[in-house]
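Coordinates as given in work-v1.txt (compact mmCIF, C-alpha atoms and all ligand atoms):
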# COMPACT_ATOMS: atom_id res chain seq x y z
CA MET A 1 188.70 137.63 -130.81
CA LYS A 2 187.97 134.37 -129.09
CA LEU A 3 186.79 134.83 -125.54
CA SER A 4 188.07 131.55 -124.20
CA LEU A 5 191.81 132.32 -124.28
CA HIS A 6 193.60 132.23 -120.96
CA PRO A 7 193.94 135.76 -119.46
CA ARG A 8 197.75 135.59 -119.46
CA GLU A 9 197.71 134.95 -123.21
CA ARG A 10 195.41 137.89 -123.67
CA ALA A 11 197.34 140.21 -121.37
CA GLY A 12 198.26 143.27 -123.36
CA GLU A 13 195.91 142.40 -126.19
CA ILE A 14 192.83 144.04 -124.77
CA PRO A 15 192.95 147.81 -124.37
CA LEU A 16 191.63 148.94 -120.98
CA HIS A 17 189.73 151.76 -122.60
CA ASP A 18 187.70 151.43 -125.71
CA PRO A 19 186.12 154.85 -126.30
CA LEU A 20 184.55 153.92 -129.60
CA GLY A 21 182.94 150.81 -128.11
CA MET A 22 184.27 148.77 -131.02
CA ARG A 23 184.67 145.75 -128.82
CA SER A 24 181.40 145.94 -126.87
CA LEU A 25 179.84 142.63 -126.04
CA THR A 26 177.11 141.52 -128.37
CA ALA A 27 173.74 140.43 -127.00
CA MET A 28 174.76 136.83 -127.56
CA ASN A 29 177.92 136.86 -125.53
CA ARG A 30 176.18 138.89 -122.83
CA ALA A 31 173.97 135.82 -122.31
CA GLU A 32 177.14 133.71 -122.21
CA HIS A 33 178.56 136.13 -119.62
CA GLN A 34 175.50 135.71 -117.39
CA ALA A 35 175.72 131.93 -117.71
CA ARG A 36 179.35 132.01 -116.62
CA ILE A 37 178.55 134.27 -113.66
CA ARG A 38 175.97 131.68 -112.59
CA GLU A 39 178.52 128.91 -113.11
CA GLY A 40 180.95 130.74 -110.79
CA GLU A 41 178.23 131.31 -108.20
CA VAL A 42 177.34 127.61 -108.19
CA LEU A 43 181.02 126.71 -107.69
CA CYS A 44 181.34 129.16 -104.78
CA MET A 45 178.11 128.02 -103.11
CA GLY A 46 179.38 124.44 -103.39
CA GLY A 47 182.56 125.39 -101.53
CA GLN A 48 184.80 125.44 -104.63
CA LEU A 49 185.86 129.01 -104.07
CA ALA A 50 189.16 128.88 -105.98
CA GLU A 51 187.41 127.59 -109.08
CA GLY A 52 184.64 130.18 -108.71
CA GLU A 53 187.19 132.96 -108.28
CA ARG A 54 188.97 131.83 -111.43
CA VAL A 55 185.74 132.03 -113.45
CA PHE A 56 185.05 135.60 -112.24
CA ARG A 57 188.65 136.68 -112.70
CA ASP A 58 188.74 135.40 -116.29
CA LEU A 59 185.45 137.16 -117.01
CA LEU A 60 186.79 140.38 -115.58
CA PHE A 61 189.81 140.22 -117.89
CA GLU A 62 187.57 139.72 -120.85
CA VAL A 63 185.16 142.57 -120.25
CA ARG A 64 187.24 145.15 -118.40
CA GLY A 65 187.04 148.51 -120.18
CA ARG A 66 184.80 147.03 -122.89
CA ASP A 67 181.45 146.55 -121.24
CA ARG A 68 180.84 148.37 -117.97
CA LYS A 69 177.69 146.40 -117.09
CA ALA A 70 179.42 143.05 -117.55
CA GLU A 71 182.45 144.41 -115.70
CA LEU A 72 180.26 145.38 -112.76
CA SER A 73 178.77 141.90 -112.38
CA ALA A 74 182.20 140.23 -112.65
CA LEU A 75 183.76 142.65 -110.15
CA HIS A 76 181.00 142.25 -107.61
CA SER A 77 180.91 138.46 -107.97
CA LEU A 78 184.67 138.32 -107.40
CA ALA A 79 184.31 140.58 -104.33
CA VAL A 80 181.66 138.23 -102.91
CA ALA A 81 183.84 135.17 -103.59
CA TYR A 82 186.82 136.77 -101.82
CA GLY A 83 184.58 137.74 -98.90
CA MET A 84 183.27 134.17 -98.62
CA GLY A 85 186.87 132.94 -98.45
CA GLY A 86 187.72 135.42 -95.69
CA ARG A 87 190.05 137.36 -97.99
CA ASN A 88 188.66 140.58 -96.61
CA PHE A 89 191.41 142.84 -97.79
CA GLU A 90 190.87 141.91 -101.43
CA ALA A 91 187.09 141.81 -100.94
CA ARG A 92 187.21 145.40 -99.72
CA MET A 93 189.20 146.62 -102.70
CA LEU A 94 187.05 144.82 -105.24
CA ALA A 95 183.80 145.95 -103.59
CA GLU A 96 185.07 149.54 -103.66
CA ALA A 97 185.89 149.22 -107.37
CA ALA A 98 182.50 147.61 -108.06
CA ALA A 99 180.64 150.32 -106.13
CA ALA A 100 182.39 152.98 -108.25
CA VAL A 101 181.16 151.31 -111.46
CA ALA A 102 177.63 150.89 -110.04
CA ARG A 103 177.53 154.62 -109.18
CA GLU A 104 178.68 155.51 -112.68
CA LEU A 105 175.97 153.31 -114.22
CA GLY A 106 173.29 154.48 -111.77
CA ASP A 107 172.60 150.84 -110.91
CA ASP A 108 171.17 151.23 -107.38
CA LYS A 109 170.33 147.58 -106.87
CA THR A 110 173.92 146.44 -107.48
CA LEU A 111 175.27 149.49 -105.64
CA ALA A 112 173.36 148.34 -102.54
CA ARG A 113 174.84 144.84 -102.86
CA CYS A 114 178.36 146.25 -103.32
CA LEU A 115 177.98 148.49 -100.27
CA GLY A 116 176.77 145.48 -98.24
CA SER A 117 179.85 143.49 -99.30
CA LEU A 118 182.10 146.47 -98.59
CA CYS A 119 180.67 147.00 -95.06
CA GLY A 120 181.04 143.26 -94.37
CA ALA A 121 184.72 143.35 -95.34
CA LEU A 122 185.30 146.52 -93.28
CA PHE A 123 183.68 144.87 -90.25
CA CYS A 124 186.05 141.88 -90.52
CA LEU A 125 189.02 144.23 -90.97
CA GLU A 126 187.76 146.28 -87.99
CA VAL A 127 187.83 149.50 -89.99
CA SER A 128 184.93 151.77 -89.03
CA GLU A 129 185.90 155.24 -90.37
CA PRO A 130 184.44 155.02 -93.89
CA MET A 131 181.25 153.34 -92.69
CA PRO A 132 178.98 156.31 -91.76
CA ARG A 133 179.37 157.80 -95.26
CA LEU A 134 178.81 154.40 -96.90
CA LEU A 135 175.75 153.72 -94.74
CA ASP A 136 174.14 157.01 -95.82
CA GLU A 137 174.76 156.13 -99.45
CA PHE A 138 173.45 152.60 -98.81
CA ARG A 139 170.17 153.93 -97.33
CA ASP A 140 169.68 156.37 -100.22
CA ALA A 141 170.34 153.66 -102.84
CA ILE A 142 167.69 151.41 -101.27
CA GLN A 143 165.18 154.27 -101.09
CA ARG A 144 165.55 154.90 -104.82
CA LEU A 145 164.58 151.29 -105.58
CA PRO A 146 160.97 150.26 -106.34
CA GLU A 147 159.33 149.06 -103.12
CA ASP A 148 159.13 145.38 -104.12
CA GLU A 149 162.91 145.23 -104.72
CA ARG A 150 164.02 146.69 -101.39
CA ALA A 151 163.93 143.64 -99.07
CA PRO A 152 167.37 142.04 -99.67
CA GLY A 153 169.11 145.42 -99.61
CA THR A 154 167.30 146.43 -96.42
CA HIS A 155 168.42 143.22 -94.74
CA GLU A 156 172.05 143.85 -95.73
CA TYR A 157 171.71 147.47 -94.67
CA CYS A 158 170.50 146.51 -91.17
CA GLY A 159 173.41 144.06 -90.92
CA SER A 160 175.83 146.82 -91.89
CA LEU A 161 174.32 149.20 -89.31
CA LEU A 162 174.80 146.47 -86.69
CA ALA A 163 178.41 145.93 -87.81
CA HIS A 164 179.14 149.64 -87.46
CA ALA A 165 177.48 149.82 -84.02
CA LEU A 166 179.55 146.84 -82.81
CA LEU A 167 182.79 148.30 -84.17
CA THR A 168 182.16 151.63 -82.48
CA ARG A 169 180.82 149.92 -79.32
CA ASP A 170 177.51 151.79 -79.59
CA LEU A 171 175.77 148.94 -77.80
CA GLY A 172 172.35 150.58 -77.39
CA ALA A 173 172.17 151.08 -81.16
CA ALA A 174 173.49 147.54 -81.74
CA VAL A 175 170.53 146.04 -79.84
CA GLY A 176 168.07 147.94 -82.04
CA HIS A 177 169.90 147.08 -85.28
CA LEU A 178 170.07 143.40 -84.32
CA ALA A 179 166.30 143.33 -83.79
CA ARG A 180 165.71 145.01 -87.15
CA TYR A 181 168.16 142.67 -88.84
CA GLU A 182 166.27 139.66 -87.46
CA GLN A 183 162.94 141.11 -88.61
CA THR A 184 164.22 141.41 -92.18
CA PHE A 185 165.24 137.74 -92.32
CA PRO A 186 163.24 135.74 -94.81
CA PRO A 187 161.26 132.99 -92.96
CA GLU A 188 163.34 130.11 -94.39
CA ASP A 189 166.51 131.60 -92.91
CA VAL A 190 165.01 131.89 -89.43
CA ARG A 191 164.81 128.10 -89.34
CA ASP A 192 168.44 127.71 -90.43
CA PRO A 193 170.44 126.68 -87.32
CA THR A 194 173.69 128.19 -88.68
CA ALA A 195 172.05 131.58 -89.24
CA THR A 196 170.51 131.33 -85.76
CA ALA A 197 173.94 130.60 -84.26
CA VAL A 198 175.44 133.62 -86.04
CA LEU A 199 172.71 135.88 -84.67
CA ARG A 200 173.01 134.55 -81.12
CA ALA A 201 176.81 134.94 -81.25
CA LEU A 202 176.32 138.58 -82.28
CA GLU A 203 173.81 139.10 -79.47
CA ALA A 204 176.18 137.51 -76.96
CA ARG A 205 178.95 139.79 -78.21
CA ILE A 206 176.83 142.86 -77.45
CA HIS A 207 176.44 141.69 -73.80
CA TYR A 208 180.13 140.75 -73.64
CA PHE A 209 181.20 144.22 -74.76
CA GLY A 210 178.70 145.68 -72.28
CA GLY A 211 180.32 143.69 -69.44
CA ASP A 212 177.20 141.61 -68.67
CA GLN A 213 178.77 138.14 -68.95
CA ASN A 214 175.80 136.34 -67.36
CA ALA A 215 173.51 137.70 -70.06
CA ALA A 216 176.11 136.72 -72.70
CA LEU A 217 176.26 133.18 -71.29
CA ALA A 218 172.45 132.91 -71.26
CA VAL A 219 172.42 133.84 -74.97
CA LEU A 220 175.24 131.40 -75.78
CA GLU A 221 173.25 128.61 -74.06
CA LYS A 222 170.73 128.99 -76.88
CA THR A 223 173.37 127.88 -79.40
CA GLU A 224 173.83 124.53 -77.63
CA GLY A 225 172.72 121.61 -79.75
CA LEU A 226 172.26 123.68 -82.91
CA ALA A 227 173.39 121.77 -85.98
CA ILE A 228 175.83 124.38 -87.30
CA SER A 229 176.66 123.52 -90.89
CA ARG A 230 179.70 125.78 -91.34
CA PRO A 231 182.71 124.67 -89.27
CA ASN A 232 184.16 128.18 -89.07
CA ILE A 233 180.94 129.39 -87.39
CA ALA A 234 181.14 126.49 -84.92
CA VAL A 235 184.70 127.58 -84.06
CA GLU A 236 183.61 131.18 -83.65
CA VAL A 237 180.87 130.23 -81.19
CA ALA A 238 183.22 127.88 -79.30
CA VAL A 239 185.92 130.55 -78.94
CA HIS A 240 183.31 133.07 -77.85
CA TRP A 241 182.29 130.69 -75.04
CA VAL A 242 185.91 130.68 -73.81
CA GLU A 243 186.10 134.46 -74.07
CA VAL A 244 182.92 135.05 -72.07
CA LEU A 245 183.64 132.39 -69.40
CA ARG A 246 187.14 133.84 -68.98
CA ALA A 247 185.71 137.36 -68.58
CA ALA A 248 183.25 135.96 -66.01
CA GLY A 249 186.22 134.53 -64.07
CA ARG A 250 185.00 130.95 -64.52
CA ASP A 251 188.31 129.36 -65.46
CA ALA A 252 187.47 125.66 -65.10
CA PRO A 253 184.57 125.69 -67.60
CA ALA A 254 186.56 128.13 -69.77
CA LEU A 255 189.37 125.58 -70.03
CA GLU A 256 186.91 122.82 -70.85
CA ARG A 257 185.42 124.94 -73.63
CA GLY A 258 188.97 125.82 -74.72
CA HIS A 259 189.77 122.15 -75.34
CA GLN A 260 186.57 121.81 -77.32
CA ALA A 261 187.34 124.95 -79.36
CA LEU A 262 190.86 123.70 -80.10
CA ARG A 263 189.51 120.40 -81.44
CA LEU A 264 187.14 122.33 -83.72
CA LEU A 265 189.94 124.67 -84.79
CA GLU A 266 192.19 121.73 -85.65
CA GLY A 267 189.32 120.38 -87.77
CA LEU A 268 189.42 123.63 -89.78
CA ILE A 269 192.90 122.82 -91.13
CA ASP A 270 191.31 120.41 -93.58
CA GLU A 271 188.73 122.97 -94.66
CA PRO A 272 189.93 125.05 -97.59
CA PHE A 273 189.64 128.85 -97.40
CA THR A 274 189.43 129.17 -93.65
CA CYS A 275 192.76 130.97 -93.38
CA TYR A 276 191.10 134.12 -91.96
CA ASP A 277 189.11 132.13 -89.39
CA ARG A 278 192.12 130.06 -88.34
CA LEU A 279 194.12 133.24 -87.93
CA GLU A 280 191.58 135.36 -86.05
CA LYS A 281 189.94 132.69 -83.90
CA GLY A 282 193.19 130.77 -83.37
CA ARG A 283 194.97 133.89 -82.12
CA LYS A 284 192.28 134.54 -79.49
CA LEU A 285 192.12 130.91 -78.46
CA ALA A 286 195.92 130.55 -78.15
CA HIS A 287 195.96 133.64 -75.93
CA TYR A 288 193.22 132.32 -73.62
CA LEU A 289 194.70 128.82 -73.42
CA ASP A 290 198.05 130.37 -72.49
CA GLU A 291 196.35 132.51 -69.79
CA LEU A 292 194.56 129.44 -68.46
CA GLY A 293 197.89 127.63 -68.09
CA ALA A 294 197.28 125.08 -70.85
CA SER A 295 200.75 125.45 -72.43
CA GLU A 296 200.62 122.38 -74.66
CA GLU A 297 197.21 123.35 -76.06
CA ALA A 298 198.27 127.00 -76.51
CA HIS A 299 201.29 125.74 -78.43
CA ARG A 300 199.06 123.70 -80.73
CA ALA A 301 196.84 126.72 -81.32
CA TYR A 302 199.90 128.87 -82.16
CA ASP A 303 201.02 126.23 -84.68
CA ILE A 304 197.68 126.73 -86.45
CA VAL A 305 197.86 130.53 -86.27
CA ALA A 306 201.43 130.61 -87.60
CA ALA A 307 200.41 128.52 -90.61
CA ALA A 308 197.45 130.83 -91.27
CA VAL A 309 199.71 133.91 -91.04
CA LEU A 310 202.09 132.42 -93.62
CA GLU A 311 199.19 131.57 -95.90
CA HIS A 312 197.82 135.08 -95.47
CA ILE A 313 201.15 136.67 -96.41
CA ALA A 314 201.19 134.51 -99.55
CA GLN A 315 197.63 135.65 -100.34
CA LEU A 316 198.64 139.30 -99.97
CA ASP A 317 201.59 138.74 -102.30
CA ALA A 318 199.21 137.20 -104.83
CA CYS A 319 196.89 140.18 -104.35
CA ALA A 320 199.73 142.66 -104.98
CA ARG A 321 200.51 140.84 -108.22
CA SER A 322 196.93 140.52 -109.44
CA LEU A 323 195.52 143.96 -108.59
CA PRO A 324 197.60 145.86 -111.17
CA GLU A 325 197.03 143.00 -113.58
CA LEU A 326 193.28 143.45 -113.18
CA GLY A 327 193.71 147.20 -113.67
CA LEU A 328 192.43 147.83 -110.14
CA ALA A 329 195.31 149.07 -108.08
CA GLY A 330 196.55 152.60 -107.66
CA ASP A 331 199.56 153.54 -105.54
CA MET A 332 197.31 153.93 -102.50
CA GLN A 333 195.83 150.44 -102.78
CA LEU A 334 199.23 148.86 -103.31
CA GLN A 335 200.58 150.76 -100.32
CA GLU A 336 197.73 149.30 -98.25
CA VAL A 337 198.70 145.80 -99.37
CA VAL A 338 202.32 146.49 -98.43
CA ASN A 339 201.27 147.83 -95.00
CA ALA A 340 199.00 144.86 -94.35
CA ARG A 341 201.86 142.52 -95.27
CA LYS A 342 204.19 144.32 -92.86
CA GLY A 343 201.58 143.87 -90.12
CA TYR A 344 201.45 140.11 -90.69
CA VAL A 345 205.24 139.78 -90.78
CA ALA A 346 205.35 141.58 -87.41
CA GLU A 347 202.65 139.22 -86.17
CA GLN A 348 204.74 136.26 -87.30
CA SER A 349 207.57 137.47 -85.10
CA GLN A 350 205.20 137.96 -82.14
CA ILE A 351 203.96 134.39 -82.47
CA MET A 352 207.55 133.08 -82.42
CA LYS A 353 208.25 135.00 -79.22
CA ARG A 354 205.13 133.62 -77.54
CA VAL A 355 205.91 130.07 -78.62
CA ALA A 356 209.50 130.39 -77.43
CA ALA A 357 208.21 131.69 -74.07
CA LEU A 358 205.80 128.75 -73.83
CA LEU A 359 208.56 126.25 -74.59
CA GLU A 360 210.97 127.85 -72.12
CA ARG A 361 208.36 127.78 -69.36
CA ASP A 362 207.71 124.12 -70.06
CA GLU A 363 210.20 121.98 -68.15
CA GLY A 364 210.92 119.56 -70.99
CA GLY A 365 209.99 122.05 -73.68
CA VAL A 366 213.47 123.22 -74.62
CA ALA A 367 214.26 119.61 -75.38
CA ARG A 368 211.57 119.62 -78.04
CA VAL A 369 214.04 119.57 -80.91
CA LEU A 370 212.39 119.55 -84.30
CA ALA A 371 213.20 116.27 -85.98
CA HIS A 372 213.55 115.89 -89.72
CA GLU A 373 210.63 113.56 -90.15
CA ASP A 374 208.66 113.50 -93.34
CA ASP A 375 205.17 113.80 -91.88
CA GLY A 376 203.84 116.66 -93.98
CA PHE A 377 204.63 119.33 -91.39
CA VAL A 378 206.65 122.48 -91.97
CA ARG A 379 208.95 122.95 -88.96
CA ILE A 380 209.65 126.42 -87.51
CA CYS A 381 212.30 127.20 -84.93
CA ALA A 382 210.83 129.72 -82.47
CA TRP A 383 214.35 130.85 -81.51
CA CYS A 384 216.02 131.74 -84.82
CA GLU A 385 212.71 132.05 -86.77
CA ARG A 386 213.97 129.75 -89.49
CA LEU A 387 211.76 127.20 -91.11
CA LYS A 388 212.26 123.80 -92.61
CA PRO A 389 209.96 122.61 -95.38
CA GLN A 390 209.82 118.82 -95.66
CA ASP A 391 212.38 118.28 -98.37
CA ARG A 392 214.71 121.25 -97.90
CA GLY A 393 217.17 122.76 -95.43
CA TRP A 394 216.51 125.51 -92.87
CA LEU A 395 215.39 128.80 -94.46
CA PRO A 396 214.68 132.27 -93.08
CA LEU A 397 210.87 132.67 -92.79
CA GLY A 398 210.72 135.39 -95.46
CA GLN A 399 212.16 133.08 -98.12
CA PHE A 400 209.37 130.55 -97.85
CA VAL A 401 206.38 130.83 -100.15
CA PRO A 402 203.67 128.34 -99.21
CA ARG A 403 201.71 126.67 -101.95
CA SER A 404 198.00 127.39 -101.88
CA GLY A 405 195.85 125.44 -99.50
CA PRO A 406 196.08 124.69 -95.82
CA LEU A 407 199.56 124.46 -94.38
CA ARG A 408 200.59 122.35 -91.38
CA ILE A 409 203.16 123.79 -89.05
CA THR A 410 204.90 122.63 -85.91
CA HIS A 411 207.03 124.91 -83.73
CA GLY A 412 209.98 123.97 -81.60
CA ILE A 413 213.70 124.49 -81.61
CA CYS A 414 216.06 123.65 -84.45
CA PRO A 415 219.05 121.38 -83.82
CA ALA A 416 221.50 124.32 -84.14
CA CYS A 417 219.68 126.48 -81.55
CA ALA A 418 219.25 123.48 -79.24
CA GLU A 419 222.95 122.85 -79.45
CA ALA A 420 223.74 126.51 -78.75
CA LEU A 421 221.42 126.60 -75.73
CA ARG A 422 223.08 123.57 -74.17
CA VAL A 423 226.47 125.28 -74.24
ZN ZN B 1 216.83 127.78 -84.56

Would you kindly transcribe this structure into C-alpha cells?
Amino acid sequence: MKLSLHPRERAGEIPLHDPLGMRSLTAMNRAEHQARIREGEVLCMGGQLAEGERVFRDLLFEVRGRDRKAELSALHSLAVAYGMGGRNFEARMLAEAAAAVARELGDDKTLARCLGSLCGALFCLEVSEPMPRLLDEFRDAIQRLPEDERAPGTHEYCGSLLAHALLTRDLGAAVGHLARYEQTFPPEDVRDPTATAVLRALEARIHYFGGDQNAALAVLEKTEGLAISRPNIAVEVAVHWVEVLRAAGRDAPALERGHQALRLLEGLIDEPFTCYDRLEKGRKLAHYLDELGASEEAHRAYDIVAAAVLEHIAQLDACARSLPELGLAGDMQLQEVVNARKGYVAEQSQIMKRVAALLERDEGGVARVLAHEDDGFVRICAWCERLKPQDRGWLPLGQFVPRSGPLRITHGICPACAEALRV
C-alpha cells in the first residue's frame, strides 16, 4: 500500500488492529516517518501550525494500530501542536492517548514528555484533580531514566508542579517550584526575554493570588522593556498589569494599561492560532474595561471575545468529528467535547447580554444599528442574538459555522430590533 494517499481515501482500508503485524513498518519507512515528524516540527516552530498538524494527523492515520512506536511519536507530536495552538481540550485528549501508549511500550522518556504536555493542557483548562496522580507518575518516569537524560523532563516536571500549586492556590509551594523551575532552565533560555517575561508573569501571579499587589507590581516592572517575541505573551503580561492595578485600587493607571492591552489584543486578530488567548485574555480585559467605565473599549474587547468563542465552537465541532476518525474517542471523551461546547454556547449568550447592557447604558448606543456594509466583519445583534455574515441574511448564531482562521465581529443592534425598540 502506498503511504502517500490522503487519509480520507484510506479511511476504512487500514484495520485498527493488526495482531499478526503483517503491516508493520519496515526499517526504511520508519526513517521516512522520522523525517516527516521533523518536517511537521519545523512547520510548527515556524508558526505554520495547521500545516504541521496536518502532517502529524496524516502520519497517525498511516501508522495507527500498525506500529505502536510510530503511533506514539505521531500522537505526541500532534498533542504538542494542538497545545501550541491553544487547543487545550484536544491537546489534553491526545496527550492522554499518547501517555497510554508510552506506558504500554515502557518508553519513560516519551512518557515524561506526554505527562508534561498533559499537565500543561490541564493548567490552561484549570483542571487540577488528575494532577497529583500524574505528577507522581511523572517523577517516577524521570527517576527511571539514565541520569544524563533527566534534565528536560525535570524542567517540565518542575513546571507542572508549579502549575498544580497555582491551580490549587498553594502559594508557598508555588514559590519553591518557581525557583526550581528557573534553576532547571538551560542557560540560553535564561537570556530569552520572552521566557523571562513568562516567568515574571508567573511570579507576579503568585503575589496577586496572595493579595500582595505591591510585590506583584514590583515583579511586573521587571517585564518593562523586554522584547517579547510572542504577541500572545505580550497580551498576557499587559492584561495582568490591568488586573493587578485594579486589585490595588489604582484605577487611572489601570485604565491606561487597559488601553495598551486592548491595542495588543486587537493586534492578535491577525495572528493565526491565538483563539484561546483572544478568548481568555479578552474576556478578562473586557470585564476590567467595563468596570473601569470604558464602555466603548469594553465593547471592542467583547467583539474580539465573541469571535474567539465562535471559532472555538467550530474547533470543538471539528474535534468531535476527528476524534472518532482517529480512533481516539470513547463515549466519555465525546461527552466531554459536547459539555465543553455547551459551556461555550452559554458563554456566547452571556457576552450578548453584557454587550446589550453596554449599548443600553451608552446614550447613543441603542442607535448603533448594524449596517450592511461589506467590510469583512460579521455582524451580531446583541438583542436577538442573530448574526449576519457579509453576503447573507440574518441567521441564528447556532447556524453559523465560521471558516478556519481569525474572524472579525462587530456587535450592535439589527435593523429589526432597532425598529422594535423605537415603537
Ligand atoms: Zn436583532

Practice task
Go through the chains and note each residue within 8 Å of ligand ZN 1 (chain B), using all atoms listed in the file, then give the set as a ChimeraX atom specification.
Solution key: /A:380-386,413-418

Fill in the blank from the handout: Counting all atoms listed in the file, the residue among A:Pro402, A:Gly46, A:Gly106, A:Pro231 that lies closest to Ala314 in chain A is A:Pro402

Problem - Residue neighbourhood range 235-237 of chain A, 10 Å, all atoms listed in the file, exclusion window fewer than 4 positions, as an NGL selection string - result: :A and (197-198 or 200-202 or 204 or 220 or 223-224 or 228 or 230-231 or 241-243 or 260-268 or 277-278 or 280-282 or 285)

Got a sec: who's within 10 Å of Cys319 in chain A, counting only C-alpha atoms, leaving out chain neighbours fewer than 3 positions off, as an mmCIF file with C-alpha atoms, in the frame of the given file?
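Result file out.cif:
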data_model
loop_
_atom_site.group_PDB
_atom_site.id
_atom_site.type_symbol
_atom_site.label_atom_id
_atom_site.label_comp_id
_atom_site.auth_asym_id
_atom_site.auth_seq_id
_atom_site.Cartn_x
_atom_site.Cartn_y
_atom_site.Cartn_z
ATOM 1 C CA ARG A 87 190.050 137.360 -97.990
ATOM 2 C CA PHE A 89 191.410 142.840 -97.790
ATOM 3 C CA GLU A 90 190.870 141.910 -101.430
ATOM 4 C CA ILE A 313 201.150 136.670 -96.410
ATOM 5 C CA ALA A 314 201.190 134.510 -99.550
ATOM 6 C CA GLN A 315 197.630 135.650 -100.340
ATOM 7 C CA LEU A 316 198.640 139.300 -99.970
ATOM 8 C CA SER A 322 196.930 140.520 -109.440
ATOM 9 C CA LEU A 323 195.520 143.960 -108.590
ATOM 10 C CA PRO A 324 197.600 145.860 -111.170
ATOM 11 C CA GLU A 325 197.030 143.000 -113.580
ATOM 12 C CA ALA A 329 195.310 149.070 -108.080
ATOM 13 C CA LEU A 334 199.230 148.860 -103.310
ATOM 14 C CA VAL A 337 198.700 145.800 -99.370
#

Handout entry: Contacts of Ile142 in chain A within 8 Å, all atoms listed in the file, excl. fewer than 3 positions in-chain, as a PyMOL selection string
Key = chain A and resi 108-109+112+138-139+145+150+153-154

Handout entry: d(CA of Leu178 in chain A, CA of Gly120 in chain A) in Å
Key =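 Between CA of Leu178 in chain A and CA of Gly120 in chain A the gap works out to 14.9 Å.
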
Practice task
Mind giving me the straight-line distance from CA of Met84 in chain A to CA of Glu41 in chain A in Å, one decimal?
Solution key: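 These atoms are spaced 11.2 Å apart.
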
At most 7 Å from (190.6, 127.9, -96.0), file frame, all atoms listed in the file: which residues, as a CSV table (one decimal) with C-alpha atoms, keeping the file's coordinate frame?
chain,number,residue,atom,x,y,z
A,85,GLY,CA,186.9,132.9,-98.4
A,271,GLU,CA,188.7,123.0,-94.7
A,272,PRO,CA,189.9,125.0,-97.6
A,273,PHE,CA,189.6,128.8,-97.4
A,274,THR,CA,189.4,129.2,-93.6
A,275,CYS,CA,192.8,131.0,-93.4
A,405,GLY,CA,195.8,125.4,-99.5
A,406,PRO,CA,196.1,124.7,-95.8

Practice task
May I have the protein, DNA and RNA residues with any atom at most 12 Å from the point (182.9, 154.0, -95.1), counting all atoms listed in the file, written as a ChimeraX atom specification?
Solution key: /A:92,95-96,99,115-123,126-138,160-161,163-164

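The closest residue to Gly65 in chain A, picked from A:Val305, A:Leu217, A:Val101, A:Ala247 and counting all atoms listed in the file, is A:Val101.
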
Handout entry: Atomic separation - CA of Gln213 in chain A relative to CA of Ala173 in chain A, Å
Key =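 Between CA of Ala173 in chain A and CA of Gln213 in chain A the gap works out to 19.0 Å.
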
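The shortest atom-to-atom distance to Tyr157 in chain A, with all atoms listed in the file taken into account, belongs to A:Ala141 out of A:Ala70, A:Leu328, A:Leu49, A:Ala141.
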
Expected axis-aligned box over every listed atom of range 106-118 of chain A, 3 Å added per side, centre plus edges in Å to one decimal, as lines of an AutoDock Vina configuration file:
center_x = 176.2
center_y = 149.0
center_z = -105.0
size_x = 17.8
size_y = 17.0
size_z = 19.5

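When all atoms listed in the file are used to measure the gap to Glu182 in chain A, the shortest distance among A:Glu203, A:Asp375, A:Glu360, A:Asp58 belongs to A:Glu203.
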